[in-house]
file entry02.tsv (TSV, N, CA and C atoms)
chain	number	residue	atom	x	y	z
A	1219	MET	N	10.17	45.01	-20.77
A	1219	MET	CA	9.44	44.40	-21.85
A	1219	MET	C	9.15	45.44	-22.93
A	1220	SER	N	8.74	46.63	-22.48
A	1220	SER	CA	8.43	47.68	-23.47
A	1220	SER	C	9.70	48.13	-24.18
A	1221	PHE	N	10.84	48.09	-23.49
A	1221	PHE	CA	12.10	48.45	-24.13
A	1221	PHE	C	12.44	47.47	-25.24
A	1222	LEU	N	12.19	46.18	-24.99
A	1222	LEU	CA	12.45	45.15	-26.00
A	1222	LEU	C	11.54	45.35	-27.23
A	1223	ILE	N	10.26	45.53	-26.99
A	1223	ILE	CA	9.32	45.70	-28.11
A	1223	ILE	C	9.63	46.99	-28.87
A	1224	GLY	N	9.93	48.06	-28.11
A	1224	GLY	CA	10.26	49.33	-28.76
A	1224	GLY	C	11.51	49.22	-29.61
A	1225	SER	N	12.50	48.51	-29.12
A	1225	SER	CA	13.74	48.33	-29.89
A	1225	SER	C	13.48	47.56	-31.18
A	1226	LEU	N	12.63	46.57	-31.09
A	1226	LEU	CA	12.34	45.76	-32.28
A	1226	LEU	C	11.52	46.55	-33.30
A	1227	LEU	N	10.58	47.36	-32.82
A	1227	LEU	CA	9.70	48.08	-33.74
A	1227	LEU	C	10.34	49.35	-34.30
A	1228	LEU	N	11.08	50.08	-33.49
A	1228	LEU	CA	11.65	51.36	-33.94
A	1228	LEU	C	12.80	51.19	-34.91
A	1229	PHE	N	13.57	50.15	-34.73
A	1229	PHE	CA	14.75	49.99	-35.57
A	1229	PHE	C	14.51	48.90	-36.62
A	1230	ASP	N	13.50	49.12	-37.41
A	1230	ASP	CA	13.18	48.22	-38.52
A	1230	ASP	C	14.05	48.62	-39.71
A	1231	VAL	N	14.73	47.66	-40.30
A	1231	VAL	CA	15.66	47.93	-41.41
A	1231	VAL	C	14.94	48.57	-42.60
A	1232	ASP	N	13.73	48.13	-42.88
A	1232	ASP	CA	13.00	48.64	-44.04
A	1232	ASP	C	12.60	50.11	-43.87
A	1233	LYS	N	12.28	50.53	-42.66
A	1233	LYS	CA	11.80	51.90	-42.42
A	1233	LYS	C	12.92	52.87	-42.06
A	1234	VAL	N	13.83	52.45	-41.20
A	1234	VAL	CA	14.86	53.35	-40.68
A	1234	VAL	C	16.14	53.28	-41.50
A	1235	GLY	N	16.45	52.15	-42.00
A	1235	GLY	CA	17.65	52.01	-42.80
A	1235	GLY	C	18.79	51.33	-42.06
A	1236	PHE	N	18.65	51.14	-40.78
A	1236	PHE	CA	19.68	50.39	-40.04
A	1236	PHE	C	19.00	49.55	-38.96
A	1237	ASP	N	19.76	48.59	-38.46
A	1237	ASP	CA	19.22	47.59	-37.54
A	1237	ASP	C	20.14	47.50	-36.32
A	1238	ILE	N	19.54	47.35	-35.14
A	1238	ILE	CA	20.34	47.09	-33.93
A	1238	ILE	C	20.34	45.57	-33.73
A	1239	PRO	N	21.52	44.99	-33.58
A	1239	PRO	CA	21.58	43.54	-33.44
A	1239	PRO	C	20.98	43.06	-32.11
A	1240	TYR	N	20.46	41.84	-32.16
A	1240	TYR	CA	19.88	41.24	-30.95
A	1240	TYR	C	20.93	41.09	-29.85
A	1241	SER	N	22.19	40.98	-30.21
A	1241	SER	CA	23.25	40.83	-29.21
A	1241	SER	C	23.41	42.09	-28.35
A	1242	ILE	N	22.84	43.20	-28.80
A	1242	ILE	CA	22.85	44.43	-28.00
A	1242	ILE	C	21.50	44.59	-27.29
A	1243	ILE	N	20.42	44.30	-27.98
A	1243	ILE	CA	19.08	44.50	-27.43
A	1243	ILE	C	18.83	43.61	-26.22
A	1244	ILE	N	19.09	42.33	-26.34
A	1244	ILE	CA	18.74	41.37	-25.28
A	1244	ILE	C	19.55	41.60	-24.00
A	1245	PRO	N	20.87	41.77	-24.05
A	1245	PRO	CA	21.58	42.05	-22.78
A	1245	PRO	C	21.14	43.38	-22.14
A	1246	THR	N	20.85	44.37	-22.98
A	1246	THR	CA	20.41	45.66	-22.44
A	1246	THR	C	19.06	45.51	-21.73
A	1247	VAL	N	18.16	44.78	-22.35
A	1247	VAL	CA	16.85	44.54	-21.74
A	1247	VAL	C	17.00	43.76	-20.44
A	1248	LEU	N	17.87	42.77	-20.42
A	1248	LEU	CA	18.07	41.98	-19.20
A	1248	LEU	C	18.68	42.82	-18.08
A	1249	VAL	N	19.63	43.68	-18.41
A	1249	VAL	CA	20.25	44.53	-17.39
A	1249	VAL	C	19.22	45.51	-16.83
A	1250	PHE	N	18.50	46.21	-17.71
A	1250	PHE	CA	17.49	47.16	-17.24
A	1250	PHE	C	16.38	46.46	-16.46
A	1251	GLY	N	15.99	45.29	-16.92
A	1251	GLY	CA	14.97	44.52	-16.20
A	1251	GLY	C	15.45	44.09	-14.83
A	1252	GLY	N	16.71	43.64	-14.74
A	1252	GLY	CA	17.26	43.23	-13.46
A	1252	GLY	C	17.38	44.39	-12.48
A	1253	VAL	N	17.81	45.54	-12.99
A	1253	VAL	CA	17.91	46.72	-12.14
A	1253	VAL	C	16.52	47.14	-11.65
A	1254	SER	N	15.55	47.12	-12.53
A	1254	SER	CA	14.18	47.47	-12.14
A	1254	SER	C	13.63	46.51	-11.10
A	1255	LEU	N	13.87	45.22	-11.29
A	1255	LEU	CA	13.41	44.23	-10.30
A	1255	LEU	C	14.13	44.42	-8.96
A	1256	GLY	N	15.40	44.76	-9.01
A	1256	GLY	CA	16.15	45.01	-7.77
A	1256	GLY	C	15.59	46.19	-7.01
A	1257	PHE	N	15.30	47.29	-7.71
A	1257	PHE	CA	14.70	48.45	-7.04
A	1257	PHE	C	13.31	48.12	-6.51
A	1258	SER	N	12.55	47.34	-7.26
A	1258	SER	CA	11.22	46.94	-6.79
A	1258	SER	C	11.32	46.10	-5.53
A	1259	TYR	N	12.28	45.20	-5.48
A	1259	TYR	CA	12.49	44.37	-4.29
A	1259	TYR	C	12.86	45.24	-3.09
A	1260	LEU	N	13.77	46.20	-3.27
A	1260	LEU	CA	14.17	47.07	-2.17
A	1260	LEU	C	12.99	47.92	-1.68
A	1261	ALA	N	12.18	48.40	-2.61
A	1261	ALA	CA	11.00	49.19	-2.22
A	1261	ALA	C	10.02	48.34	-1.42
A	1262	ALA	N	9.80	47.12	-1.83
A	1262	ALA	CA	8.89	46.23	-1.11
A	1262	ALA	C	9.43	45.91	0.28
A	1263	GLN	N	10.74	45.72	0.40
A	1263	GLN	CA	11.34	45.45	1.70
A	1263	GLN	C	11.21	46.64	2.64
A	1264	SER	N	11.34	47.85	2.12
A	1264	SER	CA	11.24	49.03	2.98
A	1264	SER	C	9.81	49.24	3.47
A	1265	VAL	N	8.83	48.83	2.69
A	1265	VAL	CA	7.44	48.95	3.13
A	1265	VAL	C	7.16	47.97	4.26
A	1266	ASN	N	7.72	46.79	4.20
A	1266	ASN	CA	7.48	45.76	5.21
A	1266	ASN	C	8.36	45.89	6.44
A	1267	LYS	N	9.28	46.83	6.44
A	1267	LYS	CA	10.21	46.98	7.56
A	1267	LYS	C	9.48	47.53	8.79
A	1268	LYS	N	9.74	46.94	9.94
A	1268	LYS	CA	9.11	47.39	11.17
A	1268	LYS	C	9.77	48.68	11.65
A	1269	ASN	N	8.96	49.56	12.19
A	1269	ASN	CA	9.49	50.78	12.76
A	1269	ASN	C	10.10	50.50	14.13
A	1270	HIS	N	11.17	51.19	14.43
A	1270	HIS	CA	11.77	51.07	15.75
A	1270	HIS	C	10.93	51.85	16.73
A	1271	ASP	N	10.82	51.35	17.93
A	1271	ASP	CA	10.10	52.06	18.96
A	1271	ASP	C	11.09	52.97	19.68
A	1272	TRP	N	11.24	54.18	19.15
A	1272	TRP	CA	12.25	55.09	19.69
A	1272	TRP	C	11.94	55.51	21.11
A	1273	ASP	N	10.67	55.50	21.50
A	1273	ASP	CA	10.32	55.89	22.85
A	1273	ASP	C	10.88	54.92	23.89
A	1274	GLN	N	11.08	53.67	23.51
A	1274	GLN	CA	11.62	52.68	24.45
A	1274	GLN	C	13.03	53.03	24.91
A	1275	GLN	N	13.81	53.66	24.05
A	1275	GLN	CA	15.18	54.00	24.42
A	1275	GLN	C	15.21	55.06	25.51
A	1276	PHE	N	14.14	55.85	25.64
A	1276	PHE	CA	14.12	56.90	26.64
A	1276	PHE	C	13.75	56.39	28.03
A	1277	LEU	N	13.02	55.29	28.10
A	1277	LEU	CA	12.50	54.85	29.39
A	1277	LEU	C	13.59	54.47	30.39
A	1278	ASN	N	14.67	53.89	29.93
A	1278	ASN	CA	15.74	53.48	30.84
A	1278	ASN	C	17.03	54.26	30.60
A	1279	ALA	N	16.93	55.36	29.90
A	1279	ALA	CA	18.13	56.10	29.52
A	1279	ALA	C	18.64	56.95	30.68
A	1280	ASP	N	19.93	57.21	30.62
A	1280	ASP	CA	20.57	58.08	31.60
A	1280	ASP	C	20.36	59.53	31.17
A	1281	LEU	N	19.91	60.36	32.09
A	1281	LEU	CA	19.62	61.76	31.80
A	1281	LEU	C	20.76	62.65	32.24
A	1282	GLN	N	21.05	63.67	31.44
A	1282	GLN	CA	22.03	64.69	31.81
A	1282	GLN	C	21.35	66.04	31.69
A	1283	LEU	N	21.36	66.80	32.76
A	1283	LEU	CA	20.72	68.10	32.77
A	1283	LEU	C	21.55	69.09	31.98
A	1284	MET	N	20.92	69.75	31.02
A	1284	MET	CA	21.60	70.74	30.20
A	1284	MET	C	21.22	72.16	30.61
A	1285	GLU	N	19.94	72.35	30.92
A	1285	GLU	CA	19.42	73.68	31.22
A	1285	GLU	C	18.16	73.50	32.05
A	1286	ILE	N	17.92	74.40	32.99
A	1286	ILE	CA	16.71	74.31	33.82
A	1286	ILE	C	16.10	75.69	33.96
A	1287	SER	N	14.77	75.72	34.02
A	1287	SER	CA	14.07	77.00	34.13
A	1287	SER	C	14.06	77.48	35.58
A	1288	GLU	N	13.55	78.68	35.80
A	1288	GLU	CA	13.52	79.25	37.15
A	1288	GLU	C	12.62	78.46	38.09
A	1289	ASN	N	11.53	77.92	37.60
A	1289	ASN	CA	10.63	77.16	38.47
A	1289	ASN	C	11.13	75.74	38.75
A	1290	LYS	N	12.22	75.36	38.13
A	1290	LYS	CA	12.87	74.05	38.30
A	1290	LYS	C	11.95	72.87	37.93
A	1291	LYS	N	10.97	73.13	37.07
A	1291	LYS	CA	10.07	72.07	36.64
A	1291	LYS	C	10.12	71.83	35.14
A	1292	SER	N	10.99	72.53	34.44
A	1292	SER	CA	11.14	72.33	33.00
A	1292	SER	C	12.55	72.75	32.62
A	1293	GLY	N	12.94	72.36	31.43
A	1293	GLY	CA	14.27	72.70	30.94
A	1293	GLY	C	14.67	71.78	29.80
A	1294	LYS	N	15.96	71.52	29.73
A	1294	LYS	CA	16.47	70.65	28.67
A	1294	LYS	C	17.37	69.58	29.27
A	1295	VAL	N	17.24	68.37	28.76
A	1295	VAL	CA	18.08	67.25	29.17
A	1295	VAL	C	18.68	66.60	27.93
A	1296	GLN	N	19.81	65.94	28.15
A	1296	GLN	CA	20.42	65.16	27.07
A	1296	GLN	C	20.11	63.70	27.34
A	1297	VAL	N	19.50	63.06	26.34
A	1297	VAL	CA	19.12	61.65	26.44
A	1297	VAL	C	19.60	60.95	25.18
A	1298	ALA	N	20.39	59.91	25.35
A	1298	ALA	CA	20.87	59.11	24.21
A	1298	ALA	C	21.51	59.99	23.14
A	1299	GLY	N	22.25	61.00	23.57
A	1299	GLY	CA	22.97	61.86	22.64
A	1299	GLY	C	22.14	62.96	22.01
A	1300	GLU	N	20.87	63.08	22.39
A	1300	GLU	CA	20.00	64.11	21.84
A	1300	GLU	C	19.52	65.03	22.96
A	1301	ILE	N	19.35	66.30	22.64
A	1301	ILE	CA	18.87	67.26	23.63
A	1301	ILE	C	17.37	67.43	23.45
A	1302	TRP	N	16.63	67.23	24.56
A	1302	TRP	CA	15.17	67.29	24.56
A	1302	TRP	C	14.69	68.26	25.63
A	1303	GLN	N	13.55	68.88	25.37
A	1303	GLN	CA	12.90	69.67	26.40
A	1303	GLN	C	12.19	68.71	27.34
A	1304	PHE	N	12.06	69.09	28.61
A	1304	PHE	CA	11.37	68.23	29.55
A	1304	PHE	C	10.44	69.06	30.43
A	1305	GLU	N	9.46	68.37	31.00
A	1305	GLU	CA	8.55	68.93	31.99
A	1305	GLU	C	8.36	67.90	33.09
A	1306	THR	N	8.11	68.38	34.30
A	1306	THR	CA	7.86	67.49	35.42
A	1306	THR	C	6.95	68.19	36.42
A	1307	ASP	N	6.34	67.40	37.33
A	1307	ASP	CA	5.43	67.97	38.33
A	1307	ASP	C	6.19	68.53	39.53
A	1308	THR	N	7.32	67.91	39.84
A	1308	THR	CA	8.07	68.28	41.03
A	1308	THR	C	9.35	69.00	40.64
A	1309	GLU	N	9.88	69.77	41.57
A	1309	GLU	CA	11.12	70.50	41.31
A	1309	GLU	C	12.28	69.53	41.14
A	1310	VAL	N	13.14	69.86	40.22
A	1310	VAL	CA	14.30	69.01	39.94
A	1310	VAL	C	15.48	69.51	40.77
A	1311	THR	N	15.95	68.65	41.65
A	1311	THR	CA	17.18	68.97	42.40
A	1311	THR	C	18.33	68.11	41.89
A	1312	ASP	N	18.04	66.83	41.65
A	1312	ASP	CA	19.03	65.92	41.10
A	1312	ASP	C	18.38	65.18	39.93
A	1313	ILE	N	18.86	65.41	38.73
A	1313	ILE	CA	18.24	64.83	37.53
A	1313	ILE	C	18.30	63.31	37.54
A	1314	HIS	N	19.24	62.73	38.27
A	1314	HIS	CA	19.38	61.27	38.30
A	1314	HIS	C	18.27	60.61	39.12
A	1315	GLN	N	17.48	61.40	39.84
A	1315	GLN	CA	16.35	60.87	40.58
A	1315	GLN	C	15.09	60.82	39.71
A	1316	PHE	N	15.20	61.24	38.45
A	1316	PHE	CA	14.05	61.30	37.56
A	1316	PHE	C	14.20	60.31	36.42
A	1317	ALA	N	13.06	59.90	35.89
A	1317	ALA	CA	13.04	58.99	34.75
A	1317	ALA	C	11.99	59.48	33.75
A	1318	VAL	N	12.20	59.16	32.50
A	1318	VAL	CA	11.25	59.52	31.45
A	1318	VAL	C	10.07	58.55	31.53
A	1319	VAL	N	8.85	59.10	31.58
A	1319	VAL	CA	7.67	58.24	31.60
A	1319	VAL	C	6.94	58.24	30.25
A	1320	LYS	N	7.03	59.35	29.53
A	1320	LYS	CA	6.42	59.38	28.20
A	1320	LYS	C	6.97	60.58	27.42
A	1321	ARG	N	6.62	60.59	26.15
A	1321	ARG	CA	7.02	61.69	25.26
A	1321	ARG	C	5.74	62.33	24.74
A	1322	ASN	N	5.67	63.65	24.84
A	1322	ASN	CA	4.53	64.40	24.34
A	1322	ASN	C	5.05	65.32	23.23
A	1323	HIS	N	4.90	64.90	21.99
A	1323	HIS	CA	5.44	65.59	20.83
A	1323	HIS	C	6.96	65.73	20.99
A	1324	LEU	N	7.48	66.93	21.18
A	1324	LEU	CA	8.93	67.11	21.32
A	1324	LEU	C	9.34	67.38	22.76
A	1325	THR	N	8.49	67.03	23.70
A	1325	THR	CA	8.78	67.25	25.12
A	1325	THR	C	8.71	65.93	25.86
A	1326	LEU	N	9.72	65.67	26.68
A	1326	LEU	CA	9.72	64.47	27.52
A	1326	LEU	C	9.06	64.80	28.85
A	1327	ILE	N	8.25	63.89	29.34
A	1327	ILE	CA	7.60	64.04	30.63
A	1327	ILE	C	8.38	63.18	31.62
A	1328	LEU	N	8.87	63.83	32.69
A	1328	LEU	CA	9.69	63.15	33.69
A	1328	LEU	C	8.89	62.97	34.98
A	1329	LYS	N	9.16	61.89	35.69
A	1329	LYS	CA	8.60	61.65	37.02
A	1329	LYS	C	9.76	61.25	37.92
A	1330	LYS	N	9.59	61.57	39.20
A	1330	LYS	CA	10.61	61.20	40.18
A	1330	LYS	C	10.57	59.69	40.39
A	1331	LYS	N	11.75	59.07	40.41
A	1331	LYS	CA	11.83	57.62	40.62
A	1331	LYS	C	11.41	57.29	42.04
A	1332	ILE	N	10.74	56.17	42.16
A	1332	ILE	CA	10.35	55.69	43.49
A	1332	ILE	C	11.44	54.72	43.95
A	1333	ASN	N	12.12	55.07	45.02
A	1333	ASN	CA	13.19	54.21	45.55
A	1333	ASN	C	12.57	53.08	46.36
A	1334	THR	N	12.97	51.85	46.03
A	1334	THR	CA	12.43	50.70	46.77
A	1334	THR	C	13.50	50.07	47.60

call {"tool": "encode", "arguments": {"input": "entry02.tsv", "output": "structure tokens"}}
result
Amino acid sequence: MSFLIGSLLLFDVDKVGFDIPYSIIIPTVLVFGGVSLGFSYLAAQSVNKKNHDWDQQFLNADLQLMEISENKKSGKVQVAGEIWQFETDTEVTDIHQFAVVKRNHLTLILKKKINT
């Protein structure tokens, strides 16, 4: 809207000496207005978008042991294509017997699976 008013006021034939035709002003205003509305719509959609619960992907994920410490209670595992540090209460002998129970910042907390 301000572009339209500015175009009409700035390019006055009496003051400037030349005029921009309406056939240029109106399509330009419509294009810029449409682009602005499109960006506004995309911004509003991104605000309303739900966040993915990334922690859910870890709960049932397959673990691959990458590195283990001397005490066998911490190290690094690969989960869903990402390498994470882990901690556990019990010594790790077979990583497939463990499951992720929660995430504490950048460390996964593992517990031994209960076989039923």

call {"tool": "atom_distance", "arguments": {"input": "entry02.tsv", "atom1": "atom N of A:Leu1248", "atom2": "atom N of A:Lys1233"}}
result
24.2 Å

call {"tool": "residues_around", "arguments": {"input": "entry02.tsv", "residues": "stretch 1296-1305 of chain A", "least_positions_apart": "4", "cutoff": "8 Å", "atoms": "only C-alpha atoms", "output": "number ranges by chain"}}
result
A: 1275-1276, 1279-1284, 1291-1292, 1324-1328

call {"tool": "atom_distance", "arguments": {"input": "entry02.tsv", "atom1": "atom CA of A:Tyr1259", "atom2": "atom C of A:Ile1244"}}
result
21.1 Å

call {"tool": "atom_distance", "arguments": {"input": "entry02.tsv", "atom1": "atom CA of A:Ser1220", "atom2": "atom CA of A:Asn1266"}}
result
28.8 Å

call {"tool": "select_by_dssp", "arguments": {"input": "entry02.tsv", "residues": "stretch 1226-1332 of chain A", "states": "helix (DSSP H, G or I)", "output": "PyMOL selection string"}}
result
chain A and resi 1226-1228+1231-1234+1240-1266+1272-1277+1313-1315

call {"tool": "residues_near_point", "arguments": {"input": "entry02.tsv", "point": "(10.4, 60.4, 40.7)", "cutoff": "10 Å", "atoms": "only C-alpha atoms", "output": "MDAnalysis selection string"}}
result
chainID A and resid 1306:1308 1310 1313:1319 1328:1333
